[in-house]
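**Q** Data: entry.cif, mmCIF, C-alpha atoms.
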data_entry
loop_
_atom_site.label_atom_id
_atom_site.label_comp_id
_atom_site.auth_asym_id
_atom_site.auth_seq_id
_atom_site.Cartn_x
_atom_site.Cartn_y
_atom_site.Cartn_z
CA MET A 155 -64.89 5.65 149.29
CA ALA A 156 -64.89 2.81 146.83
CA ARG A 157 -64.16 3.55 143.21
CA MET A 158 -66.60 5.13 140.78
CA LYS A 159 -68.56 2.74 138.59
CA PHE A 160 -71.40 2.59 136.08
CA ILE A 161 -74.17 0.01 136.13
CA CYS A 162 -76.81 -0.23 133.40
CA ASP A 163 -79.95 -2.07 134.39
CA ALA A 164 -81.13 -3.76 131.18
CA GLU A 165 -84.51 -4.51 132.77
CA ARG A 166 -85.21 -0.81 133.09
CA CYS A 167 -83.60 0.80 130.03
CA ILE A 168 -86.30 1.92 127.59
CA GLU A 169 -83.92 3.13 124.88
CA CYS A 170 -85.03 6.73 125.26
CA ASN A 171 -81.50 8.04 124.66
CA GLY A 172 -81.95 10.56 127.44
CA CYS A 173 -78.46 9.70 128.73
CA VAL A 174 -76.95 10.31 125.31
CA THR A 175 -78.70 13.67 125.02
CA ALA A 176 -77.77 14.69 128.56
CA CYS A 177 -74.12 13.92 127.89
CA LYS A 178 -74.04 15.76 124.56
CA ASN A 179 -75.70 18.79 126.11
CA GLU A 180 -73.73 18.89 129.36
CA HIS A 181 -70.34 18.72 127.70
CA GLU A 182 -71.19 20.35 124.38
CA VAL A 183 -69.76 17.32 122.62
CA PRO A 184 -69.05 18.05 118.93
CA TRP A 185 -71.04 16.64 116.05
CA GLY A 186 -70.01 13.09 115.21
CA VAL A 187 -68.67 12.27 118.66
CA ASN A 188 -70.81 10.15 120.96
CA ARG A 189 -69.37 9.61 124.39
CA ARG A 190 -72.40 7.50 125.29
CA ARG A 191 -74.77 5.44 123.15
CA VAL A 192 -77.68 3.10 123.73
CA VAL A 193 -77.20 -0.38 122.30
CA THR A 194 -80.12 -2.74 121.74
CA LEU A 195 -79.51 -6.46 121.98
CA ASN A 196 -81.69 -8.76 119.87
CA ASP A 197 -83.38 -5.76 118.31
CA GLY A 198 -86.88 -6.55 117.09
CA VAL A 199 -86.99 -9.91 118.83
CA PRO A 200 -89.46 -10.24 121.73
CA GLY A 201 -87.55 -9.72 124.95
CA GLU A 202 -85.00 -7.38 123.43
CA LYS A 203 -82.82 -5.54 125.89
CA SER A 204 -81.20 -2.14 125.69
CA ILE A 205 -78.15 -0.92 127.53
CA SER A 206 -76.43 2.41 127.73
CA VAL A 207 -72.73 2.11 126.93
CA ALA A 208 -69.81 4.49 127.43
CA CYS A 209 -66.36 4.29 128.96
CA MET A 210 -66.75 2.05 132.00
CA HIS A 211 -63.59 3.33 133.69
CA CYS A 212 -62.24 -0.21 133.92
CA SER A 213 -60.28 -1.46 136.90
CA ASP A 214 -57.50 -2.65 134.60
CA ALA A 215 -58.10 -0.37 131.65
CA PRO A 216 -56.78 -1.80 128.35
CA CYS A 217 -56.65 1.68 126.80
CA MET A 218 -54.09 2.71 129.40
CA ALA A 219 -52.03 -0.39 128.66
CA VAL A 220 -51.80 0.18 124.91
CA CYS A 221 -51.38 3.96 124.74
CA PRO A 222 -47.94 4.62 123.20
CA VAL A 223 -47.67 8.13 124.67
CA ASN A 224 -49.03 7.31 128.12
CA CYS A 225 -51.73 9.97 127.98
CA PHE A 226 -54.11 8.13 130.31
CA TYR A 227 -54.20 8.40 134.05
CA LYS A 228 -56.48 7.15 136.77
CA THR A 229 -57.76 9.33 139.59
CA ASP A 230 -57.99 8.24 143.22
CA GLU A 231 -61.70 7.67 142.61
CA GLY A 232 -60.92 5.14 139.87
CA VAL A 233 -61.94 7.39 136.98
CA VAL A 234 -59.89 6.81 133.82
CA LEU A 235 -59.03 10.16 132.24
CA HIS A 236 -56.68 11.28 129.52
CA ASP A 237 -54.61 14.30 128.59
CA LYS A 238 -55.50 15.70 125.17
CA ASP A 239 -52.27 17.69 125.09
CA VAL A 240 -50.37 14.37 125.09
CA CYS A 241 -52.73 12.29 122.90
CA ILE A 242 -51.53 11.87 119.32
CA GLY A 243 -54.80 10.40 118.04
CA CYS A 244 -53.26 7.09 116.98
CA GLY A 245 -56.42 5.12 117.78
CA TYR A 246 -54.79 2.21 119.61
CA CYS A 247 -57.12 2.77 122.57
CA SER A 248 -60.07 2.43 120.23
CA TYR A 249 -58.93 -1.04 119.16
CA ALA A 250 -58.22 -2.08 122.75
CA CYS A 251 -61.44 -0.86 124.35
CA PRO A 252 -64.09 -3.60 124.70
CA PHE A 253 -66.85 -0.97 124.90
CA GLY A 254 -65.96 1.17 121.87
CA ALA A 255 -65.63 4.18 124.13
CA PRO A 256 -62.82 6.20 122.49
CA GLN A 257 -64.16 8.62 119.90
CA PHE A 258 -62.25 10.64 117.33
CA PRO A 259 -63.48 13.93 115.89
CA SER A 260 -62.88 14.06 112.16
CA GLN A 261 -63.03 17.78 111.43
CA GLY A 262 -59.25 18.06 111.15
CA THR A 263 -57.39 18.98 107.99
CA PHE A 264 -57.90 16.41 105.19
CA GLY A 265 -60.26 14.50 107.50
CA VAL A 266 -57.37 13.58 109.79
CA ARG A 267 -58.26 11.94 113.06
CA GLY A 268 -58.20 14.36 115.96
CA LYS A 269 -57.42 13.88 119.61
CA MET A 270 -59.33 11.10 121.31
CA ASP A 271 -62.47 12.02 123.21
CA LYS A 272 -64.34 9.83 125.65
CA CYS A 273 -66.58 9.81 128.71
CA THR A 274 -64.84 11.45 131.66
CA PHE A 275 -67.36 10.31 134.29
CA CYS A 276 -68.07 14.06 134.34
CA ALA A 277 -64.68 14.55 136.00
CA GLY A 278 -63.05 16.85 133.45
CA GLY A 279 -59.35 16.54 132.74
CA PRO A 280 -55.93 17.67 133.91
CA GLU A 281 -56.70 21.37 133.62
CA ALA A 282 -57.86 23.30 136.68
CA ASN A 283 -61.22 22.09 137.98
CA GLY A 284 -64.09 24.10 136.55
CA SER A 285 -61.86 26.18 134.26
CA GLN A 286 -62.83 27.25 130.76
CA ALA A 287 -59.85 25.31 129.33
CA GLU A 288 -61.06 22.13 131.01
CA PHE A 289 -64.61 22.65 129.76
CA GLU A 290 -63.52 23.23 126.17
CA LYS A 291 -61.39 20.08 126.08
CA TYR A 292 -63.23 17.64 128.32
CA GLY A 293 -66.57 19.15 129.29
CA ARG A 294 -68.02 20.02 132.63
CA ASN A 295 -66.44 18.74 135.85
CA ARG A 296 -69.53 17.72 137.78
CA LEU A 297 -67.68 15.62 140.34
CA ALA A 298 -65.85 18.74 141.50
CA GLU A 299 -69.26 20.39 141.83
CA GLY A 300 -70.40 17.60 144.14
CA LYS A 301 -72.62 16.04 141.49
CA LEU A 302 -72.79 12.66 139.76
CA PRO A 303 -72.55 12.10 135.98
CA ALA A 304 -75.30 13.87 134.03
CA CYS A 305 -76.28 10.73 132.07
CA ALA A 306 -77.21 8.80 135.22
CA GLU A 307 -78.85 11.73 136.93
CA MET A 308 -81.00 12.41 133.84
CA CYS A 309 -82.01 8.76 133.30
CA SER A 310 -85.79 8.73 133.42
CA THR A 311 -86.14 5.14 134.61
CA LYS A 312 -82.97 5.15 136.69
CA ALA A 313 -81.67 2.29 134.57
CA LEU A 314 -78.25 3.88 134.46
CA LEU A 315 -76.60 4.12 137.84
CA ALA A 316 -73.36 5.98 138.47
CA GLY A 317 -71.38 6.71 141.57
CA ASP A 318 -69.52 5.00 144.36
CA GLY A 319 -69.29 1.31 143.39
CA ASP A 320 -70.60 0.14 146.76
CA VAL A 321 -73.61 2.45 146.65
CA VAL A 322 -74.69 1.67 143.09
CA ALA A 323 -74.15 -2.07 143.59
CA ASP A 324 -76.31 -1.89 146.71
CA ILE A 325 -79.08 -0.05 144.86
CA PHE A 326 -78.97 -2.62 142.05
CA ARG A 327 -78.89 -5.57 144.46
CA ASN A 328 -81.97 -4.22 146.22
CA ARG A 329 -83.82 -3.95 142.89
CA VAL A 330 -82.96 -7.51 141.90
CA LEU A 331 -84.17 -8.83 145.25
CA LYS A 332 -87.46 -6.95 144.93
CA ARG A 333 -88.23 -7.98 141.34
CA ASP A 334 -86.56 -11.39 141.57
CA LYS A 335 -85.06 -11.25 138.06
CA GLY A 336 -82.63 -9.36 135.87
CA ALA A 337 -79.50 -9.88 137.95
CA GLU A 338 -77.21 -9.73 134.93
CA VAL A 339 -75.10 -6.60 134.67
CA TRP A 340 -73.82 -6.25 131.13
CA GLY A 341 -70.18 -5.26 130.98
CA TRP A 342 -69.55 -5.45 134.71
CA GLY A 343 -67.22 -8.44 134.48
CA THR A 344 -65.36 -7.03 131.51
CA ALA A 345 -64.84 -3.68 133.18
CA TYR A 346 -64.42 -4.57 136.80
CA GLY A 347 -63.27 -8.17 136.66
CA SER A 348 -66.26 -9.96 138.12
CA SER A 349 -69.84 -10.74 137.14
CA LYS A 350 -70.91 -9.83 140.64
CA PRO A 351 -69.16 -7.58 143.14
CA GLY A 352 -66.84 -9.50 145.40
CA GLN A 353 -66.86 -12.69 143.33
CA ALA A 354 -64.40 -14.36 140.98
CA PRO A 355 -64.20 -13.16 137.35
CA ALA A 356 -66.57 -14.73 134.83
CA LYS A 357 -65.36 -17.64 132.72
CA GLN A 358 -64.19 -16.94 129.19
CA GLY A 359 -66.93 -17.12 126.60
CA GLY A 360 -69.76 -16.50 129.04
CA LYS A 361 -71.77 -13.37 129.53
CA SER A 362 -69.86 -10.64 131.22
CA MET B 297 -8.75 41.31 136.82
CA ASN B 298 -11.12 39.35 139.01
CA LYS B 299 -13.95 41.70 138.08
CA THR B 300 -13.29 41.17 134.40
CA LEU B 301 -13.27 37.41 134.80
CA LEU B 302 -16.48 37.51 136.83
CA THR B 303 -18.19 39.68 134.23
CA MET B 304 -17.07 37.37 131.45
CA ALA B 305 -18.30 34.35 133.35
CA CYS B 306 -21.70 35.98 133.92
CA VAL B 307 -21.98 36.91 130.24
CA ALA B 308 -21.03 33.36 129.25
CA ILE B 309 -23.63 31.85 131.58
CA LEU B 310 -26.36 34.20 130.35
CA GLY B 311 -25.36 33.60 126.75
CA LEU B 312 -25.32 29.83 127.07
CA SER B 313 -28.64 29.73 128.91
CA ALA B 314 -30.30 30.65 125.64
CA CYS B 315 -29.00 27.41 124.18
CA MET B 316 -30.83 25.26 126.74
CA GLU B 317 -33.72 23.13 125.55
CA THR B 318 -37.15 23.19 127.09
CA SER B 319 -38.21 20.11 129.01
CA GLN B 320 -39.49 17.33 126.78
CA THR B 321 -40.58 14.92 129.48
CA MET B 322 -43.62 12.93 128.48
CA GLY B 323 -46.59 12.24 130.70
CA THR B 324 -49.74 13.77 132.03
CA LYS B 325 -50.02 16.88 134.04
CA SER B 326 -51.15 16.57 137.62
CA ASP B 327 -54.88 16.74 138.14
CA ALA B 328 -56.52 18.29 141.18
CA ALA B 329 -58.76 15.96 143.17
CA PRO B 330 -62.48 16.63 142.67
CA PHE B 331 -63.11 17.15 146.38
CA THR B 332 -61.03 20.33 146.19
CA GLY B 333 -63.94 21.92 144.36
CA THR B 334 -64.10 24.00 141.23
CA GLY B 335 -63.15 27.38 142.59
CA ALA B 336 -63.90 29.07 139.29
CA ALA B 337 -67.39 27.68 138.81
CA PRO B 338 -70.30 29.88 139.82
CA ALA B 339 -71.76 28.89 143.18
CA ALA B 340 -75.13 28.31 141.54
CA PHE B 341 -73.78 25.22 139.78
CA VAL B 342 -72.21 23.67 142.85
CA ASN B 343 -74.17 21.15 144.84
CA GLY B 344 -74.40 22.27 148.45
CA GLY B 345 -73.94 20.22 151.58
CA TRP B 346 -70.17 19.78 151.44
CA LYS B 347 -67.10 21.88 151.96
CA ALA B 348 -64.46 22.23 149.23
CA GLY B 349 -61.25 20.55 150.37
CA ASP B 350 -62.98 18.26 152.84
CA LYS B 351 -62.85 14.81 151.26
CA THR B 352 -65.13 13.15 153.81
CA SER B 353 -67.94 15.65 153.36
CA TRP B 354 -67.60 15.43 149.56
CA GLU B 355 -67.84 11.64 149.65
CA GLN B 356 -70.85 11.80 151.94
CA ALA B 357 -72.53 14.36 149.68
CA LEU B 358 -72.08 12.07 146.66
CA ARG B 359 -73.39 9.06 148.57
CA THR B 360 -76.45 11.00 149.68
CA ARG B 361 -77.01 12.28 146.15
CA ALA B 362 -76.74 8.75 144.73
CA GLN B 363 -79.23 7.38 147.24
CA GLU B 364 -81.72 10.22 146.90
CA GLY B 365 -81.41 10.56 143.15
CA GLN B 366 -81.04 6.96 142.00
CA ASN B 367 -82.51 4.67 144.63
CA ASP B 368 -86.22 4.97 143.94
CA TYR B 369 -87.01 2.08 146.28
CA ALA B 370 -85.77 4.22 149.16
CA ARG B 371 -88.27 6.89 148.15
CA THR B 372 -91.32 4.81 147.26
CA ASN B 373 -91.18 1.89 149.68
#
Let me see the file written as structure tokens.

**A**
Amino acid sequence: MARMKFICDAERCIECNGCVTACKNEHEVPWGVNRRRVVTLNDGVPGEKSISVACMHCSDAPCMAVCPVNCFYKTDEGVVLHDKDVCIGCGYCSYACPFGAPQFPSQGTFGVRGKMDKCTFCAGGPEANGSQAEFEKYGRNRLAEGKLPACAEMCSTKALLAGDGDVVADIFRNRVLKRDKGAEVWGWGTAYGSSKPGQAPAKQGGKS
Amino acid sequence: MNKTLLTMACVAILGLSACMETSQTMGTKSDAAPFTGTGAAPAAFVNGGWKAGDKTSWEQALRTRAQEGQNDYARTN
């Protein structure tokens, strides 16, 4: 199996926020923490585009590189996860992440920043798969249930694709060939090192 | 004499063991691979068509789910 990846098809996203709602509901994410959000580019301008953004589980994740306590780890499926028992809530990952994925609950004493929370690709955390401890810290482990992330599975227009990188890239490629437009995948180059699968990374300053 | 020494040694070892520090090694705990299944989760929540512990069947189940659930061209055309 190739590694797990997200693709958001900007031609299809209708900014319904179904993915955001699905994520919040599936993992019972606390108030103020948004593991996924929908971002609109050129809002109000004809031809505006919306994309659903969360942790992209980067190939060379900058959050992992900057973490001073080494709380991140990557699974064999390429999913970037973290250990909340190790996280000290310093926020370095938040500054490093190009997608603004790391979130910090602020219900701690004196408004102190809590442990980092982010999209887990519905793969839970280091606790036992499907355990109550895992659910309370990281949410449901859908991958261990043989399912794909809730956000993508709930997407009404199938704009958000999640799963095996080869499979989702193939689905997207097929769409582009059929409609003959909208080949740009926002964030793909930044997260996975190339604007298109199997090609060289995009030049600096260009669209990713 | 030997018995006394042995007893004293045992007492010393037991006594000193209380002075040992717990491990302070940093790093993440090991995480079980998703294809091993949830075990604890109710069967109603688990997607069928694959066997827990069998990586190949799990991968195939996810591929099938991705195609059937996300590739609408495969369903409509």

**Q** As a check of understanding, name the residues that the PyMOL selection byres ((chain A and resi 168-177) around 7) selects in the supplied structure, as number ranges by chain.

**A** A: 166-167, 178-181, 190-192, 204, 304-306, 308-309

**Q** Have a look at CA of Lys335 in chain A and CA of Ala208 in chain A and let me know their distance in Å, one decimal.

**A**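 Taking CA of Lys335 in chain A and CA of Ala208 in chain A, their separation equals 24.4 Å.
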
**Q** Produce the centre coordinates and the three edge lengths, each in Å to one decimal, of the box along x, y and z that contains all listed atoms of range 272-288 of chain A with 4 Å added on each side, as JSON.

**A**
{"center_x": -62.0, "center_y": 18.5, "center_z": 131.8, "size_x": 20.1, "size_y": 25.4, "size_z": 20.3}

**Q** What residues come out when you apply the PyMOL selection byres ((chain B) within 7 of (chain A)) to this file, written as a VMD selection string?

**A** chain B and resid 323 to 328 330 to 337 341 to 343 354 to 355 357 to 359 362 365 to 367

**Q** Go through A:Cys212, A:Ala164, A:Val199, A:Val193 one by one, measure the shortest atom-to-atom distance of each to Ala337 in chain A using all atoms listed in the file, and give the residue with the smallest value.

**A** A:Ala164

**Q** In Å, how far is it from CA of Lys272 in chain A to CA of Gly344 in chain B?

**A** 27.9 Å

**Q** Quick one: pull the distance between CA of Pro259 in chain A and CA of Glu290 in chain A, Å, one decimal.

**A** 13.9 Å
